[in-house]
Every structure is written in structure tokens, then in C-alpha cells.
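Undergrad: Below: one structure in C-alpha cells.
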Amino acid sequence: MDKTSNKDKDAHAARDERWQIRVRGIHKTFGPQHVLRGVDLDVERGKINIIIGGSGQGKSVLMKHLMGLLKPDQGEIRVDGEDIVPLDDVAMRTMRRKFGMVFQYAALFDSMNVVENIAFPLVERYRMSHDEMLERVRDLLRRLDLADVAGIEQKFPAELSGGQRKRVGLARALIDRPEILLYDEPTTGLDPIATQNVDQMIRKTADEFGVTSVVISHDMASTFRIGDRISMLYEGKILVTGTPDEILRSDHAQLKTFVETSGAVKLTGGASEASP
Amino acid sequence: MSEGVQARGPTAAATPATASTPSMGRRVVGAVFAPPLAVLRYFGEHTLLLANAVAWLFRRPFRPRLFFEQMEFVGVGSLVIILLVGFSSGAVASLQAVDALAIFRQERFAGATVGISLAQELAPVFTALMITGRAGSGMATELGSMRITEQIDALTTFAVNPIQYLVTPRIVASVIMLPVMTMVFNAVGMAGAYVVAIYYRGVDVGQFVEHYRFWTDPRDYAIGAVKSAFFGLALSVAACYQGFNVRGGAKEVGLATTKSVVGGSVSVVVLDYFLSDVLRMFWPKLAE
């Protein structure tokens, strides 16, 4: 390891085996709007970390910071021990390869079919033969239960159902084997059965691929079904964080109001129960 | 290790900053300077987008496929419209020219008159306006839709620069294809002029052709081509700027499309005057 640079050594030393991402005191302002007001957040390696919060609380803004799509006005974001805030464009692009992102409405490219969509990151990043690419795409289609859909490979996004689009979006995010997967409100706009399928898909992906998942959600039923760790973002700060059991036992006023208003889960002070 | 629920911040809502009311003087200054500042900002943002697109043109990866796709969209996709409008414009210009010249019994100059008008003005301007309406609006709509459905954000997550991937090929394709389509317009325009003058108005074919050949020269076509390249630049930057900066939903995409067509068309007509003047100044006709 003689050739390892000091910077690499520092990053390795700072690498925390439990926490893959550590956010400390980030602030973000857009014009007069102070969206993030000192967020502290820890993302646990290999687990499903869910960030809940009402609309307009800054969840999506926070997620974009995790991937370096936005830079905070103040604060630090450490991914595997390395502060990504001061990274330049080239280093940031390399860092982003650790991430995959599943967008709210999948964000598939309209002009490309399913295979082209899924293979896009490989086409852009590597010189790989068409056969090798197709093999990886087909492997993912099989693992995400899409291989049985007739003619799926040549279909365009407009020809897919909401659930299928989400799966194709997930396949595209997974194709380059990321370490961290970000999901932006993955169950929005889906019916209850499709929602449950997406929940299973997130759980299965975390277990099977061993990725760290960060899910932004305001779907309480989903949150308590799949979450390993839940944090609540409220008025630009992380208000509370803990395991689902710990969250259920909480008597924090804002958390209680938010969770119970959803109707999916009931907090009863020390004792708690979740709706089936 | 169970940490329990960690309370991270104050439970009370943060107090919003109180906005101070600006003084009367500041409001007046603001009102006076707002319009020129808005104009400067408008042109500044277009220029920045163009500079960015040009800078990314010379950086890897080059993706020639995207350039050819856009050239097909801007050029081949507009061919039918250009053929129809070109033929009609040449025909109507010929009709007017023959009737006007007939007052002086000089119908034989119709070929030269229409040829020069088409080469320097009608072909580049009409081609640019047609392509603004068809391809410019298409660019703004496509980029706007990509923006609101987060496809542009998705590109960024794959470490692809959206300006290099989406804007640069559209601008380059427009700059290359506008002169080509202008020449197509010239050709069919002259065909339309010929049909009307010779077969409908009975102008002598020898005189029509000979005067056209004598009075028009490559310089006229070169001026038209240079102008149309600038028009391609203006209309594509206007379209990409509007599409790329859409915020909101379907309504805003529609508005962006409208703005791109208005912005592109106005730019073409305004630029036309200045380019005509400058090109004539630096490139005078031999006889002048």
C-alpha cells in the first residue's frame, strides 16, 4: 500500500463501517427561501434509510445534496468518509458512480426503448460490447421480474404501466452496480397493490444487491413496512431519527401529528400499533 | 446498538426572517432599472448558454450520432415544408415582379429580380421562420418535457452534462442545416418563379434565364448562406434556452414553446437587418 496517497489514507481512515453517508449542518437557500436549516443525517450502510416529511420540507433538495447535484451553502457531506462538498466537477462525476437514483416518475428517456434506457449508463461510461451490455440488461430484467412481460425489451416508456416504469427505472439505476440507491418518493401515484410491489422491490433490491438505500417518502404504510431507519425532516432540519420501533414509541408532537394524520400507523405514546 | 429516537432540533417552527420594506427611493430606482436589467439578463443568459454549448463541443465524448439525429430533425424533417413554401414564395415573387416590371415593359428582368431577392432575403428569412416554427418549437417542447419529467436531472446523475448532450447538438445541427435548407429553398423558389413567369405570364425563357445568370452571382448566395447560419444559431439558442429553463408543468412547457417561437422569429427578423447591412459593407458587389 506504499503507493496509496495521503488523501486516500485519510479517506480510508475516516471511512465509517456503519455509516455510509454522514451529513453535518448543511444549509441551503434559494433566493429568499431558506430550505435546509442545518441538517444532520446519518445513512446506515446496507440498510433502508427512509426520510419522511411533508411536502415542501426540503426532502428532494436534501437528496440532491447527497448525490452532489446541489452544493450546500454551508456544512459537510461525507460519503465513505470523504467530504464531497469541495470536490471539483471531475471528482464529483467519479463520486457519483457510487450512486444510483430512482426518480419519482422513473424519468425514463422517452426517445429510447427499455433496453436503451437501462443500458444508458454503460453506453456513457464504458466501451462494452453490445452483447455484454444486452446480457447485463437481461439479467436485471430477470431479477426484477420484468423478463416475462411480452416484448418488454423493445417497448418505449409510454407503453409501460406505472409499476413497470418504476422497475425499469430501478434497473437503469442498478446496471452500473452502485453502492447507494436513492429513491425519490417511489410509491407516489401508484395504486395500493403496485405500492406494495414497489415496497417489495426496494426490500428485495437492498437484500439481494446489498446496496444502501435512501428513500424519500411521505407514505407512512410503506415507510413502516420496509424502513430499517427512519428520519423526519421538518422545517429544514432532521427532527427525529430512529428505527421504526423507536419512531412508533415516540411521543414527539410534530412526528405524532405527521404519522397519525396519514392514518396508516397509530402512535400511542409508549405503546404503538401499525395498521395491517 | 439502539440509540433510541434522537431529537435533532428545536420542535418549534423556525421564525421566518422578516422582510424589510424598501424605501421609496429604492423602489423608484428599482422600477426604473428593472426593464433594462431584465433585457441584459435575458441576453446574458442566452450568451452564457451559447458559450457553454460551444465549450462542450470540444470536450469528450463527442457522440456524433446525436449531431446526425438533430441534423435529420432540423433538415430532413423540415424538407416538405421548405419545398412547399419555397415553391409558393418563388411563384408569388415572380408574379409580382412580372406585373411590376410590365409597367416599364421590362418583364425580362423578372428572373434576375426574383433570383437576387430569393438568394439574399426571401430564402434565408423564410427558411429560418419555417424552421423556427417547426424545429425550434419542437426543441423547446422536447427539452421542456424532459425538464419537468426529470429526464435532464437523470442525465446529470449518470455524469452526463445535459448541455453537451442536449443543447450542443441542436445548435450545431441548426447552424449547419439552415444554409443547406436555404439553398433548397432557393432552388425550388426559382423553379416556382420560372413556372409562373414562363408558362403563366409568357415571359421569354431565354431573357428570363440570361438576366438571372447575368445579375445574380455566388456572392448573393453566400450572403444568404452566412445569414442563415446566424439565423440557425439564434433560433436554436432561443429554443434551447426556453426549453432548458422550464419550471413547472405542462402549461409552462406550452409557454416556453410559444416564447421560443416568438423569440426565434423576432431574432431572425432583427438580425436580418443588421446582417444585411454588415455583409453588404464588408462584401460589396463588384459593380457597386
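In the C-alpha cells, each chain is lettered A, B, ... as it comes, each chain's residues begin at 1, and ligands are numbered from 1 in order of appearance.
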Select residues of chain A: the criterion is any atom within 6 Å of an atom of chain B, counting only C-alpha atoms; output as a ChimeraX atom specification.
TA: /A:93,107,121,238-242,246
Undergrad: According to DSSP computed on the backbone, where in stretch 140-230 of chain A is there helix (DSSP H, G or I)? Give the residues as a PyMOL selection string.
TA: chain A and resi 140-143+152-154+157-159+162-174+192-209+220-226
Undergrad: Do a neighbour search on B:Phe214 at 9 Å with only C-alpha atoms, toss out local chain neighbours closer than 4 positions, and write the hits as JSON, numbers by chain.
TA: {"B": [112, 209, 210]}
Undergrad: Enter the distance from atom CA of A:Asp73 to atom CA of A:Asp42, in Å, rounded to one decimal.
TA: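 We find that atom CA of A:Asp73 and atom CA of A:Asp42 lie 19.2 Å from each other.
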Undergrad: Select from stretch 111-203 of chain A every residue with an atom at most 8 Å from any atom of stretch 211-225 of chain A, then for each give the shortest pair of atoms and their distance in Å to one decimal, using only C-alpha atoms, rows by chain and rising number, as CSV.
TA:
residue,atom,partner,partner_atom,distance
A:Pro178,CA,A:Val211,CA,7.2
A:Glu179,CA,A:Val211,CA,5.1
A:Ile180,CA,A:Thr212,CA,4.6
A:Leu181,CA,A:Ser213,CA,4.8
A:Leu182,CA,A:Val214,CA,4.8
A:Tyr183,CA,A:Val215,CA,4.6
A:Asp184,CA,A:Ile216,CA,5.1
A:Glu185,CA,A:Ser217,CA,4.7
A:Pro186,CA,A:Ser217,CA,7.3
A:Thr187,CA,A:Asp219,CA,7.5
A:Thr195,CA,A:Ser222,CA,7.7
A:Gln196,CA,A:Ser222,CA,7.5
A:Asp199,CA,A:Ser222,CA,6.4
Undergrad: Once you have the residues from the selection above, write them out as a PDB file, in the first residue's frame, restricted to C-alpha atoms.
TA:
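Saved file selection25.pdb follows:
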ATOM      1  CA  PRO A 178     -24.000   1.305  -7.385  1.00  0.00           C
ATOM      2  CA  GLU A 179     -23.280   1.143  -3.659  1.00  0.00           C
ATOM      3  CA  ILE A 180     -26.029   3.573  -2.751  1.00  0.00           C
ATOM      4  CA  LEU A 181     -29.526   3.805  -4.224  1.00  0.00           C
ATOM      5  CA  LEU A 182     -31.627   6.914  -3.794  1.00  0.00           C
ATOM      6  CA  TYR A 183     -35.393   6.637  -4.259  1.00  0.00           C
ATOM      7  CA  ASP A 184     -37.401   9.833  -4.666  1.00  0.00           C
ATOM      8  CA  GLU A 185     -40.960   9.117  -3.472  1.00  0.00           C
ATOM      9  CA  PRO A 186     -41.098   5.749  -5.227  1.00  0.00           C
ATOM     10  CA  THR A 187     -44.751   4.965  -4.463  1.00  0.00           C
ATOM     11  CA  THR A 195     -47.281   0.303  -3.991  1.00  0.00           C
ATOM     12  CA  GLN A 196     -46.840  -2.998  -2.195  1.00  0.00           C
ATOM     13  CA  ASP A 199     -42.046  -1.871  -1.474  1.00  0.00           C
TER      14      ASP A 199
END
